[in-house]
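Undergrad: Provided herewith: model-v9.txt, compact mmCIF, C-alpha atoms.
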```txt
# COMPACT_ATOMS: atom_id res chain seq x y z
CA MET A 236 0.00 0.00 0.00
CA LEU A 237 2.81 2.31 0.97
CA SER A 238 4.78 1.35 -2.11
CA SER A 239 1.77 2.06 -4.27
CA LEU A 240 1.43 5.49 -2.76
CA ARG A 241 5.12 6.05 -3.28
CA LYS A 242 4.80 5.09 -6.93
CA THR A 243 1.90 7.49 -7.34
CA VAL A 244 3.92 10.31 -5.79
CA GLN A 245 6.95 9.41 -7.90
CA ASN A 246 5.10 9.52 -11.19
CA LYS A 247 4.00 13.11 -10.46
CA SER A 248 0.39 12.36 -11.24
CA LEU A 249 -0.73 13.28 -7.73
CA PRO A 250 0.39 16.92 -7.87
CA VAL A 251 -0.96 17.25 -11.40
CA PHE A 252 -4.23 15.76 -10.31
CA ALA A 253 -4.36 18.09 -7.30
CA LEU A 254 -3.73 21.05 -9.59
CA VAL A 255 -6.45 19.96 -11.99
CA LEU A 256 -8.77 19.43 -9.04
CA ILE A 257 -8.20 22.97 -7.82
CA VAL A 258 -8.65 24.37 -11.32
CA SER A 259 -11.88 22.48 -11.85
CA ILE A 260 -13.23 23.64 -8.49
CA LEU A 261 -12.28 27.21 -9.33
CA ILE A 262 -13.93 26.98 -12.71
CA GLY A 263 -17.07 25.42 -11.30
CA GLY A 264 -17.28 27.43 -8.12
CA THR A 265 -16.70 30.96 -9.28
CA SER A 266 -18.57 33.02 -11.82
CA SER A 267 -16.19 31.87 -14.48
CA ARG A 268 -18.88 30.95 -16.95
CA THR A 269 -18.49 34.17 -18.85
CA LYS A 270 -14.72 33.78 -19.04
CA PHE A 271 -15.04 30.94 -21.48
CA ALA A 272 -17.32 32.78 -23.85
CA ILE A 273 -14.57 33.02 -26.48
CA ALA A 274 -13.70 29.36 -26.06
CA ARG A 275 -17.35 28.43 -26.40
CA ARG A 276 -17.67 30.62 -29.49
CA VAL A 277 -14.65 28.92 -31.05
CA LEU A 278 -16.11 25.58 -30.10
CA SER A 279 -19.53 26.38 -31.51
CA THR A 280 -17.91 27.49 -34.77
CA THR A 281 -15.93 24.27 -34.86
CA ILE A 282 -18.82 22.03 -34.05
CA SER A 283 -21.38 23.63 -36.34
CA PRO A 284 -20.51 21.27 -39.25
CA PHE A 285 -20.92 18.33 -36.87
CA ILE A 286 -24.26 19.61 -35.67
CA ARG A 287 -25.38 20.32 -39.21
CA ALA A 288 -24.31 16.85 -40.29
CA ALA A 289 -26.17 15.29 -37.39
CA GLU A 290 -29.27 17.36 -38.05
CA THR A 291 -29.15 16.55 -41.75
CA TRP A 292 -28.79 12.88 -41.00
CA ARG A 293 -31.68 12.97 -38.57
CA THR A 294 -33.78 14.99 -41.03
CA ILE A 295 -33.08 12.45 -43.76
CA GLN A 296 -34.08 9.66 -41.40
CA ASP A 297 -37.27 11.49 -40.41
CA ARG A 298 -38.12 12.29 -44.02
CA HIS A 299 -37.49 8.68 -45.02
CA THR A 300 -39.80 7.41 -42.28
CA GLU A 301 -42.38 10.05 -43.13
CA ASN A 302 -42.09 9.23 -46.82
CA LEU A 303 -42.71 5.54 -46.20
CA SER A 304 -45.67 6.33 -43.98
CA LEU A 305 -47.14 8.74 -46.54
CA LYS A 306 -46.65 6.25 -49.35
CA ARG A 307 -48.52 3.63 -47.35
CA GLN A 308 -51.29 6.12 -46.58
CA LEU A 309 -51.45 7.18 -50.22
CA MET A 310 -51.78 3.57 -51.32
CA GLU A 311 -54.56 2.94 -48.80
CA LEU A 312 -56.38 6.12 -49.77
CA THR A 313 -56.03 5.38 -53.48
CA LEU A 314 -57.54 1.96 -52.94
CA LYS A 315 -60.34 3.49 -50.88
CA LEU A 316 -60.94 6.14 -53.53
CA GLN A 317 -61.13 3.51 -56.24
CA MET A 318 -63.56 1.53 -54.12
CA TYR A 319 -65.71 4.64 -53.50
CA LYS A 320 -65.67 5.53 -57.18
CA GLN A 321 -66.77 2.02 -58.04
CA ILE A 322 -69.52 2.18 -55.42
CA ALA A 323 -70.63 5.59 -56.71
CA SER A 324 -70.69 4.32 -60.28
CA GLU A 325 -72.62 1.22 -59.27
CA ASN A 326 -75.01 3.36 -57.26
CA LYS A 327 -75.64 5.60 -60.25
CA ARG A 328 -76.24 2.66 -62.55
CA LEU A 329 -78.60 0.99 -60.11
CA SER A 330 -80.41 4.31 -59.55
CA ASP A 331 -80.82 4.69 -63.28
CA MET A 332 -82.13 1.16 -63.53
CA LEU A 333 -84.56 1.77 -60.70
CA LEU A 334 -85.69 4.99 -62.30
CA PHE A 335 -86.10 3.19 -65.59
CA CYS A 336 -88.15 0.43 -63.94
CA SER A 337 -90.35 2.88 -62.08
CA SER A 338 -90.85 5.21 -65.04
CA SER A 339 -93.89 5.05 -67.20
CA LYS A 340 -91.90 3.94 -70.26
CA LEU A 341 -92.16 0.22 -69.60
CA SER A 342 -95.23 -1.66 -70.64
CA TYR A 343 -93.69 -5.10 -70.38
CA PRO A 344 -92.23 -7.16 -67.57
CA VAL A 345 -88.46 -7.23 -67.18
CA VAL A 346 -85.92 -9.18 -65.13
CA PRO A 347 -82.88 -7.20 -63.90
CA VAL A 348 -79.67 -9.17 -64.39
CA GLN A 349 -75.98 -8.55 -63.92
CA ILE A 350 -73.20 -9.42 -66.31
CA VAL A 351 -70.86 -11.87 -64.61
CA GLY A 352 -68.49 -12.68 -67.42
CA THR A 353 -68.10 -13.91 -70.94
CA PRO A 354 -69.23 -17.36 -71.99
CA PHE A 355 -65.93 -18.07 -73.74
CA PRO A 356 -62.49 -16.62 -73.04
CA GLY A 357 -61.70 -13.72 -75.35
CA GLN A 358 -65.23 -13.59 -76.66
CA HIS A 359 -66.60 -10.08 -76.19
CA GLU A 360 -69.68 -10.15 -78.42
CA SER A 361 -71.63 -12.25 -75.92
CA VAL A 362 -71.92 -11.99 -72.17
CA LEU A 363 -72.97 -14.28 -69.38
CA VAL A 364 -75.67 -12.99 -67.01
CA ASN A 365 -76.55 -14.20 -63.53
CA ALA A 366 -80.11 -15.36 -64.25
CA GLY A 367 -81.44 -18.16 -66.40
CA SER A 368 -84.44 -20.42 -66.60
CA ASN A 369 -84.86 -20.01 -62.82
CA ARG A 370 -86.01 -16.45 -63.59
CA SER A 371 -88.28 -17.43 -66.51
CA ILE A 372 -85.74 -16.38 -69.12
CA VAL A 373 -86.03 -18.16 -72.44
CA LYS A 374 -84.03 -18.07 -75.66
CA GLY A 375 -84.61 -15.11 -78.00
CA LEU A 376 -85.73 -12.50 -75.45
CA ALA A 377 -84.53 -8.91 -75.77
CA ALA A 378 -81.85 -7.49 -73.49
CA ILE A 379 -82.16 -3.77 -72.81
CA THR A 380 -80.81 -0.96 -70.66
CA ALA A 381 -82.36 2.38 -69.81
CA GLU A 382 -80.86 3.72 -73.04
CA GLY A 383 -82.18 1.02 -75.32
CA LEU A 384 -81.58 -2.38 -76.89
CA VAL A 385 -78.23 -4.08 -76.18
CA GLY A 386 -78.81 -7.65 -77.34
CA LYS A 387 -80.86 -10.79 -77.11
CA VAL A 388 -80.74 -14.05 -75.19
CA LEU A 389 -78.80 -16.66 -77.13
CA ALA A 390 -78.74 -19.59 -74.71
CA VAL A 391 -80.36 -20.31 -71.36
CA TYR A 392 -79.07 -22.39 -68.45
CA PRO A 393 -80.70 -23.03 -65.07
CA GLN A 394 -78.78 -20.28 -63.25
CA SER A 395 -77.40 -18.20 -66.12
CA ALA A 396 -77.92 -17.14 -69.69
CA VAL A 397 -75.82 -16.02 -72.64
CA VAL A 398 -76.78 -12.67 -74.16
CA GLN A 399 -75.70 -11.91 -77.71
CA LEU A 400 -74.78 -8.23 -77.83
CA ILE A 401 -75.89 -5.83 -80.55
CA SER A 402 -72.24 -5.53 -81.63
CA ASP A 403 -72.12 -9.21 -82.65
CA PRO A 404 -71.79 -9.43 -86.47
CA ALA A 405 -74.50 -12.10 -86.51
CA PHE A 406 -77.02 -9.93 -84.64
CA ARG A 407 -80.14 -8.86 -86.56
CA VAL A 408 -83.27 -7.03 -85.43
CA SER A 409 -86.26 -5.57 -87.21
CA VAL A 410 -86.62 -1.81 -86.63
CA ARG A 411 -88.98 0.99 -87.52
CA ASP A 412 -88.35 4.70 -88.11
CA ASN A 413 -90.23 6.32 -85.26
CA ARG A 414 -91.23 9.29 -87.45
CA SER A 415 -92.04 7.82 -90.86
CA ARG A 416 -92.78 4.26 -89.62
CA VAL A 417 -90.55 2.78 -92.34
CA VAL A 418 -89.31 -0.72 -91.49
CA GLY A 419 -85.78 -2.04 -91.94
CA ILE A 420 -83.29 -4.62 -90.64
CA VAL A 421 -80.48 -3.53 -88.35
CA ARG A 422 -77.09 -5.22 -88.28
CA PRO A 423 -73.80 -4.07 -86.69
CA MET A 424 -71.22 -2.45 -88.94
CA ASP A 425 -67.92 -1.40 -87.36
CA ARG A 426 -68.81 0.78 -84.39
CA TYR A 427 -72.21 1.73 -85.82
CA LEU A 428 -75.36 0.06 -87.07
CA SER A 429 -76.43 -0.44 -90.64
CA VAL A 430 -80.12 -0.36 -91.54
CA ASP A 431 -80.81 -2.62 -94.50
CA LYS A 432 -83.78 -3.29 -96.70
CA VAL A 433 -85.03 0.31 -96.70
CA PRO A 434 -86.25 1.27 -100.16
CA VAL A 435 -84.66 4.30 -101.84
CA THR A 436 -88.07 5.90 -102.02
CA ALA A 437 -88.67 5.65 -98.26
CA ASP A 438 -88.85 8.79 -96.12
CA VAL A 439 -85.82 8.50 -93.84
CA SER A 440 -83.68 11.36 -92.67
CA ILE A 441 -80.77 12.04 -90.31
CA GLY A 442 -81.78 12.30 -86.67
CA ASP A 443 -84.71 9.91 -86.90
CA GLN A 444 -85.08 7.52 -83.98
CA LEU A 445 -85.06 3.77 -84.66
CA ILE A 446 -87.21 1.55 -82.48
CA THR A 447 -87.98 -2.16 -82.50
CA SER A 448 -90.76 -2.85 -84.94
CA GLY A 449 -92.57 -5.48 -82.90
CA LEU A 450 -92.76 -7.75 -85.92
CA SER A 451 -90.78 -10.34 -84.02
CA SER A 452 -92.68 -12.12 -81.26
CA SER A 453 -89.75 -12.03 -78.84
CA PHE A 454 -88.93 -8.31 -79.20
CA PRO A 455 -91.63 -5.99 -77.92
CA LYS A 456 -92.46 -2.96 -79.96
CA GLY A 457 -90.96 0.47 -79.19
CA ILE A 458 -87.56 -0.29 -77.67
CA SER A 459 -85.03 2.34 -78.72
CA VAL A 460 -82.32 0.91 -80.99
CA GLY A 461 -80.45 3.92 -82.32
CA THR A 462 -80.41 7.26 -84.13
CA ILE A 463 -79.83 7.69 -87.86
CA ILE A 464 -76.61 9.58 -88.58
CA GLY A 465 -76.20 9.01 -92.31
CA VAL A 466 -78.46 8.34 -95.30
CA GLU A 467 -77.25 7.66 -98.83
CA ASN A 468 -79.14 6.84 -102.02
CA PRO A 469 -76.85 4.69 -104.19
CA PRO A 470 -76.88 5.53 -107.94
CA SER A 471 -77.93 1.97 -108.70
CA GLY A 472 -79.84 -0.34 -106.37
CA LEU A 473 -83.16 -0.59 -104.63
CA PHE A 474 -82.21 0.14 -101.03
CA LYS A 475 -80.77 3.09 -99.14
CA ARG A 476 -77.47 2.96 -97.26
CA ILE A 477 -78.32 4.06 -93.75
CA ARG A 478 -75.97 4.36 -90.78
CA ALA A 479 -77.16 4.69 -87.21
CA ARG A 480 -75.59 5.24 -83.81
CA PRO A 481 -76.62 2.60 -81.22
CA ALA A 482 -78.86 3.90 -78.45
CA ALA A 483 -77.02 1.86 -75.80
CA SER A 484 -73.33 1.11 -75.62
CA SER A 485 -72.89 -2.63 -75.29
CA ALA A 486 -69.21 -2.22 -74.45
CA THR A 487 -69.76 -0.48 -71.12
CA VAL A 488 -72.90 -2.20 -69.91
CA GLU A 489 -72.73 -4.01 -66.56
CA GLU A 490 -76.37 -4.49 -65.62
CA LEU A 491 -79.27 -4.99 -67.98
CA PHE A 492 -82.86 -6.11 -68.19
CA ILE A 493 -84.25 -9.14 -69.94
CA VAL A 494 -87.67 -8.36 -71.39
CA LEU A 495 -90.04 -11.19 -70.63
CA PRO A 496 -93.01 -12.09 -72.81
CA SER A 497 -95.96 -9.96 -71.76
CA TYR A 498 -97.89 -12.94 -70.42
CA GLU A 499 -95.05 -13.73 -67.93
CA ASN A 500 -95.49 -11.79 -64.72
CA ASN A 501 -94.05 -14.03 -62.00
CA ASP A 502 -90.88 -12.92 -60.22
CA THR A 503 -90.35 -9.83 -62.30
CA THR A 504 -90.17 -6.11 -61.78
CA ALA A 505 -92.73 -5.34 -64.35
CA VAL A 506 -94.10 -1.88 -64.31
CA GLU A 507 -97.16 -1.20 -66.30
CA SER A 508 -97.45 1.98 -68.18
CA LYS A 509 -99.63 4.54 -66.52
CA LYS A 510 -101.36 4.98 -69.78
CA MET B 186 4.66 14.53 -32.75
CA ILE B 187 2.43 11.77 -31.49
CA ARG B 188 0.94 14.18 -28.95
CA ILE B 189 -0.45 16.35 -31.74
CA PHE B 190 -2.42 13.35 -32.93
CA TRP B 191 -3.67 12.76 -29.40
CA PHE B 192 -4.68 16.40 -29.20
CA ILE B 193 -6.55 16.24 -32.51
CA GLY B 194 -8.05 12.90 -31.52
CA ILE B 195 -9.37 14.29 -28.24
CA TRP B 196 -10.84 17.27 -30.06
CA ILE B 197 -12.60 15.12 -32.62
CA VAL B 198 -13.88 12.58 -30.12
CA ALA B 199 -15.03 15.25 -27.66
CA LEU B 200 -16.83 17.12 -30.43
CA ALA B 201 -18.43 13.92 -31.66
CA GLN B 202 -19.44 13.06 -28.10
CA GLY B 203 -20.90 16.51 -27.52
CA THR B 204 -22.73 16.73 -30.83
CA LEU B 205 -23.39 13.55 -32.75
CA VAL B 206 -23.75 11.05 -29.92
CA THR B 207 -26.24 13.21 -28.03
CA ARG B 208 -28.31 13.62 -31.19
CA ILE B 209 -28.17 10.16 -32.66
CA SER B 210 -30.11 7.61 -30.70
CA LEU B 211 -28.02 4.52 -29.97
CA GLY B 212 -30.51 2.76 -27.73
CA ALA B 213 -31.23 3.36 -24.08
CA ALA B 214 -27.71 4.60 -23.29
CA SER B 215 -24.85 5.74 -25.44
CA PRO B 216 -21.20 4.77 -24.95
CA ASP B 217 -18.76 7.39 -23.71
CA PHE B 218 -16.29 7.73 -26.58
CA THR B 219 -14.20 10.34 -24.77
CA MET B 220 -13.72 8.07 -21.80
CA VAL B 221 -12.67 5.24 -24.10
CA LEU B 222 -10.04 7.55 -25.58
CA VAL B 223 -8.81 8.49 -22.10
CA ALA B 224 -8.50 4.76 -21.31
CA LEU B 225 -6.42 4.27 -24.45
CA LEU B 226 -4.26 7.24 -23.44
CA ALA B 227 -3.75 5.75 -20.00
CA LEU B 228 -2.21 2.68 -21.61
CA ARG B 229 0.22 4.76 -23.64
CA LEU B 230 1.09 7.86 -21.58
CA THR B 231 2.33 8.59 -18.09
CA PRO B 232 -0.30 9.03 -15.35
CA ALA B 233 0.46 12.75 -15.10
CA GLU B 234 -0.01 13.22 -18.83
CA THR B 235 -3.17 11.13 -18.74
CA VAL B 236 -4.60 13.40 -16.05
CA ILE B 237 -3.86 16.49 -18.11
CA TRP B 238 -5.36 15.05 -21.30
CA GLY B 239 -8.32 13.71 -19.37
CA ALA B 240 -8.97 17.11 -17.81
CA PHE B 241 -8.65 18.71 -21.23
CA ALA B 242 -11.22 16.30 -22.67
CA GLY B 243 -13.52 17.09 -19.73
CA PHE B 244 -13.04 20.79 -20.37
CA LEU B 245 -14.07 20.38 -24.01
CA LEU B 246 -17.19 18.53 -22.97
CA ASP B 247 -17.90 21.16 -20.32
CA LEU B 248 -18.00 23.80 -23.02
CA PHE B 249 -21.16 22.13 -24.29
CA ASP B 250 -22.75 22.55 -20.87
CA PRO B 251 -21.55 25.92 -19.54
CA ILE B 252 -24.08 25.91 -16.69
CA HIS B 253 -22.23 23.03 -15.03
CA MET B 254 -18.75 24.17 -15.97
CA GLY B 255 -16.05 22.20 -14.18
CA ALA B 256 -18.07 19.06 -13.48
CA ARG B 257 -16.65 17.09 -16.37
CA ILE B 258 -13.12 18.41 -15.88
CA LEU B 259 -13.21 17.02 -12.37
CA ALA B 260 -14.85 13.73 -13.34
CA PHE B 261 -12.52 13.12 -16.26
CA ALA B 262 -9.46 14.11 -14.25
CA ILE B 263 -10.42 11.62 -11.55
CA ALA B 264 -11.08 8.92 -14.16
CA ALA B 265 -7.77 9.65 -15.89
CA PHE B 266 -5.96 9.59 -12.53
CA ILE B 267 -7.45 6.20 -11.64
CA LEU B 268 -6.85 4.70 -15.07
CA GLY B 269 -3.35 6.14 -15.32
CA ASN B 270 -2.28 4.91 -11.90
CA GLY B 271 -4.14 1.66 -12.39
CA GLN B 272 -1.23 0.61 -14.56
CA GLU B 273 1.01 0.79 -11.50
CA HIS B 274 -1.21 -1.24 -9.19
CA PHE B 275 -3.16 -3.67 -11.38
CA ASN B 276 -2.22 -5.94 -14.19
CA MET B 277 -3.96 -4.10 -17.00
CA ASN B 278 -2.75 -6.63 -19.55
CA ARG B 279 -5.47 -8.94 -18.28
CA PRO B 280 -8.45 -7.89 -20.38
CA LEU B 281 -11.09 -8.68 -17.76
CA MET B 282 -9.26 -6.66 -15.12
CA HIS B 283 -8.77 -3.77 -17.53
CA ILE B 284 -12.40 -3.76 -18.63
CA SER B 285 -13.72 -4.06 -15.07
CA ILE B 286 -11.60 -1.19 -13.78
CA PHE B 287 -12.54 0.89 -16.78
CA ALA B 288 -16.28 0.24 -16.33
CA LEU B 289 -16.12 1.08 -12.62
CA THR B 290 -14.14 4.23 -13.34
CA VAL B 291 -16.62 5.39 -15.97
CA ALA B 292 -19.47 4.63 -13.57
CA LEU B 293 -17.74 6.73 -10.90
CA ALA B 294 -17.12 9.61 -13.33
CA HIS B 295 -20.68 9.50 -14.60
CA GLY B 296 -21.94 9.35 -11.04
CA LEU B 297 -20.02 12.52 -10.23
CA ILE B 298 -21.31 14.27 -13.34
CA TYR B 299 -24.82 13.16 -12.45
CA ILE B 300 -24.48 14.63 -8.94
CA PHE B 301 -23.13 17.93 -10.23
CA CYS B 302 -25.58 18.21 -13.10
CA LEU B 303 -28.61 16.74 -11.32
CA PRO B 304 -31.14 19.29 -12.60
CA SER B 305 -30.17 18.53 -16.21
CA PHE B 306 -30.98 14.86 -15.91
CA GLY B 307 -34.35 13.23 -15.76
CA GLY B 308 -35.55 10.64 -13.32
CA VAL B 309 -34.22 7.36 -11.96
CA TRP B 310 -34.26 5.58 -15.30
CA GLU B 311 -32.08 8.26 -16.87
CA ALA B 312 -29.67 7.97 -13.92
CA ILE B 313 -29.48 4.19 -14.36
CA GLN B 314 -28.87 4.63 -18.06
CA TYR B 315 -26.11 7.13 -17.47
CA ILE B 316 -24.38 5.58 -14.46
CA VAL B 317 -24.84 1.85 -15.16
CA LEU B 318 -25.69 1.15 -18.81
CA SER B 319 -23.45 3.74 -20.36
CA PRO B 320 -20.27 2.43 -18.59
CA ILE B 321 -21.12 -1.12 -19.70
CA LEU B 322 -21.53 0.03 -23.29
CA SER B 323 -18.34 2.05 -23.01
CA ALA B 324 -16.48 -1.00 -21.70
CA LEU B 325 -17.72 -3.06 -24.64
CA LEU B 326 -16.66 -0.31 -26.99
CA LEU B 327 -13.23 -0.18 -25.34
CA VAL B 328 -12.77 -3.91 -26.04
CA ILE B 329 -13.54 -3.39 -29.72
CA VAL B 330 -11.41 -0.25 -30.02
CA ASP B 331 -8.49 -1.74 -28.08
CA ILE B 332 -8.46 -4.86 -30.24
CA SER B 333 -8.70 -2.71 -33.39
CA VAL B 334 -5.84 -0.48 -32.24
CA ARG B 335 -3.69 -3.50 -31.43
CA LEU B 336 -4.50 -5.09 -34.80
CA LEU B 337 -3.49 -1.86 -36.51
CA GLY B 338 -0.11 -2.15 -34.80
CA PHE B 339 -0.40 0.59 -32.18
CA ARG B 340 0.84 -1.21 -29.09
CA SER B 341 1.05 0.22 -25.60
CA ALA B 342 4.13 2.34 -25.49
CA PRO B 343 6.52 2.10 -22.56
CA ARG B 344 5.90 4.66 -19.87
CA GLY B 345 7.35 8.07 -20.44
CA GLU B 346 7.72 7.68 -24.15
```
Would you write out, as structure tokens, the structure that this file holds?
TA:
Amino acid sequence: MLSSLRKTVQNKSLPVFALVLIVSILIGGTSSRTKFAIARRVLSTTISPFIRAAETWRTIQDRHTENLSLKRQLMELTLKLQMYKQIASENKRLSDMLLFCSSSKLSYPVVPVQIVGTPFPGQHESVLVNAGSNRSIVKGLAAITAEGLVGKVLAVYPQSAVVQLISDPAFRVSVRDNRSRVVGIVRPMDRYLSVDKVPVTADVSIGDQLITSGLSSSFPKGISVGTIIGVENPPSGLFKRIRARPAASSATVEELFIVLPSYENNDTTAVESKK
Amino acid sequence: MIRIFWFIGIWIVALAQGTLVTRISLGAASPDFTMVLVALLALRLTPAETVIWGAFAGFLLDLFDPIHMGARILAFAIAAFILGNGQEHFNMNRPLMHISIFALTVALAHGLIYIFCLPSFGGVWEAIQYIVLSPILSALLLVIVDISVRLLGFRSAPRGE
């Protein structure tokens, strides 16, 4: 113990330590805080890059965390917005359908159905709907929307049915000019409709409305089919060349009505005309 | 010449301790880099020199906390005195002994700083972090740094060199 103390005294650390002790007590005990103002200023100048680096690093970290959080929120909100838009669109369509059903336009019973897919992969001229013979649907019935005719029932299954759309090249329907009562046959042609078998002498003009003629037993009379947008009289030939714009877009339809024969009233939303 | 490097080293470490370490979260407690440097000095310088360098490091740290000026000078001088003279009384070449003495010394120094700067610190948990966890982390850091320094070829110089 004594030798240890001797060693400590010999290595001069004890007097140095005592000196430092006194200095530290003097610094801490007296009002020496202001005496080191210059030293602190030099220090603050020296350390400012360190502080800036630390702050920058922390800011980057915070921004990174915030960025990730905001990205996650944005993704969630985008998904929600898409969902709300879809709901709003569906709501509008269903409201339109309800309005159509409850309006005085309908004088025949209809079954509301929803398109659930296509009967064959890649086939877009026919659609599969979620009602079939269980809802009294039979082959050949008209498929309509609030805007007008979109197709006809091609095949019927117990729980579903295939609807041939008006854009199918094989689709044909008998129509009548709502103004002049001239009859013709409608078939799809590119993005429009062509009205065939209209004599060159017939009174048809641009803007006339085309409606189903009612000559077919499965298509009731008066369903809107399209509007005439072009009439040509060929130099040779017996029939006019007439182009029409479809009343309903079959490409964007999601819900539609199947028009039942007028004698069928069970399980339908038929609304009789107030007339 | 080598003392200039020690001087620069103390400056850099003290600045890093006073700026970066207090701002960057390293868990519940942060290691005391300055004290680790003082421990390395104690292995390479005389006890008297270690006390002077230790006090200087404490002074630099005190500049960051002018309200409690002198507290760290005292604590670091005491730590440097113990570590410097520890070479004379204990076999510091035994790693466990070295680490244990270092951890206890840091705990003592931090305890002193805590007493002097009591209003600056928070509650009991902060005291435990500063007086207990921080010395343990510092001791672990010393092991890593000491091994790294030895691997780089900087061995303990004979006393008085």
Undergrad: Could you name the residues that touch segment 463-475 of chain A at 7 Å or less, counting all atoms listed in the file, but leaving out those on the same chain fewer than 3 positions away, as a PyMOL selection string?
TA: chain A and resi 432-435+440-444+478-480
Undergrad: Any idea what the distance is between atom CA of Ser361 of chain A and atom CA of Glu489 of chain A?
TA: 12.5 Å
Undergrad: Thr290 of chain B: which residues within 7 Å, counting only C-alpha atoms, same-chain residues fewer than 4 positions away excluded, as an NGL selection string?
TA: :B and (264 or 286 or 294)
Undergrad: Please measure the separation of atom CA of Phe266 of chain B and atom CA of Ala227 of chain B, giving the value in Å to one decimal.
TA: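 That distance, rounded to one decimal, is 8.7 Å.
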Undergrad: Show me, as a VMD selection string, the residues of chain B whose atoms get within 7 Å of chain A, using all atoms listed in the file for the distance check.
TA: chain B and resid 200 204 to 205 208 232 to 233 236 240 248 251 253 to 256 258 to 259 262 266 270 274
Undergrad: So how many Å separate atom CA of Arg422 of chain A and atom CA of Gly386 of chain A, to one decimal?
TA: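 Distance between the two atoms: 11.3 Å.
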Undergrad: Here's a test: counting only C-alpha atoms, identify every protein, DNA and RNA residue with an atom at most 7 Å from (0.0, 3.4, -17.8) in the file's coordinate frame, and state them as a compact mmCIF listing (two decimals) with C-alpha atoms, keeping the file's coordinate frame.
TA:
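File produced: point30.txt:
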```txt
# COMPACT_ATOMS: atom_id res chain seq x y z
CA ALA B 227 -3.75 5.75 -20.00
CA LEU B 228 -2.21 2.68 -21.61
CA ARG B 229 0.22 4.76 -23.64
CA LEU B 230 1.09 7.86 -21.58
CA THR B 231 2.33 8.59 -18.09
CA PRO B 232 -0.30 9.03 -15.35
CA GLY B 269 -3.35 6.14 -15.32
CA ASN B 270 -2.28 4.91 -11.90
CA GLN B 272 -1.23 0.61 -14.56
CA GLU B 273 1.01 0.79 -11.50
CA ARG B 344 5.90 4.66 -19.87
```
Undergrad: If we count all atoms listed in the file and set the cut-off at 9 Å, which residues sit around segment 405-417 of chain A, ignoring sequence neighbours fewer than 3 positions away in its own chain? Please answer as a ChimeraX atom specification.
TA: /A:386-387,399-402,420-423,430,433,437-439,443-451,454,456-457,460
Undergrad: Near Leu326 of chain B, counting all atoms listed in the file, which residues have an atom at most 9 Å away, once you skip same-chain residues fewer than 6 positions from it, shown as JSON, numbers by chain?
TA: {"B": [216, 217, 218, 221]}
Undergrad: Compile the contact shell of Leu376 of chain A as number ranges by chain: residues with an atom at most 9 Å away, counting all atoms listed in the file, same-chain residues fewer than 2 positions apart removed.
TA: A: 372-374, 378, 386-389, 453-454, 493-496
Undergrad: Kindly indicate which residue among B:Leu297, B:Leu318, B:Leu327, B:Val309 lies nearest to Val223 of chain B, using all atoms listed in the file for the distances.
TA: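 Using all atoms listed in the file, the shortest distance to Val223 of chain B belongs to B:Leu327.
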Undergrad: Grab segment 440-455 of chain A from that structure and dump C-alpha atoms to a file, as a short mmCIF file (atom, residue, chain, number, x, y, z; two decimals), in the first residue's frame.
TA:
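Contents of selection-v1.cif, as written:
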```cif
data_model
loop_
_atom_site.label_atom_id
_atom_site.label_comp_id
_atom_site.auth_asym_id
_atom_site.auth_seq_id
_atom_site.Cartn_x
_atom_site.Cartn_y
_atom_site.Cartn_z
CA SER A 440 -83.68 11.36 -92.67
CA ILE A 441 -80.77 12.04 -90.31
CA GLY A 442 -81.78 12.30 -86.67
CA ASP A 443 -84.71 9.91 -86.90
CA GLN A 444 -85.08 7.52 -83.98
CA LEU A 445 -85.06 3.77 -84.66
CA ILE A 446 -87.21 1.55 -82.48
CA THR A 447 -87.98 -2.16 -82.50
CA SER A 448 -90.76 -2.85 -84.94
CA GLY A 449 -92.57 -5.48 -82.90
CA LEU A 450 -92.76 -7.75 -85.92
CA SER A 451 -90.78 -10.34 -84.02
CA SER A 452 -92.68 -12.12 -81.26
CA SER A 453 -89.75 -12.03 -78.84
CA PHE A 454 -88.93 -8.31 -79.20
CA PRO A 455 -91.63 -5.99 -77.92
#
```
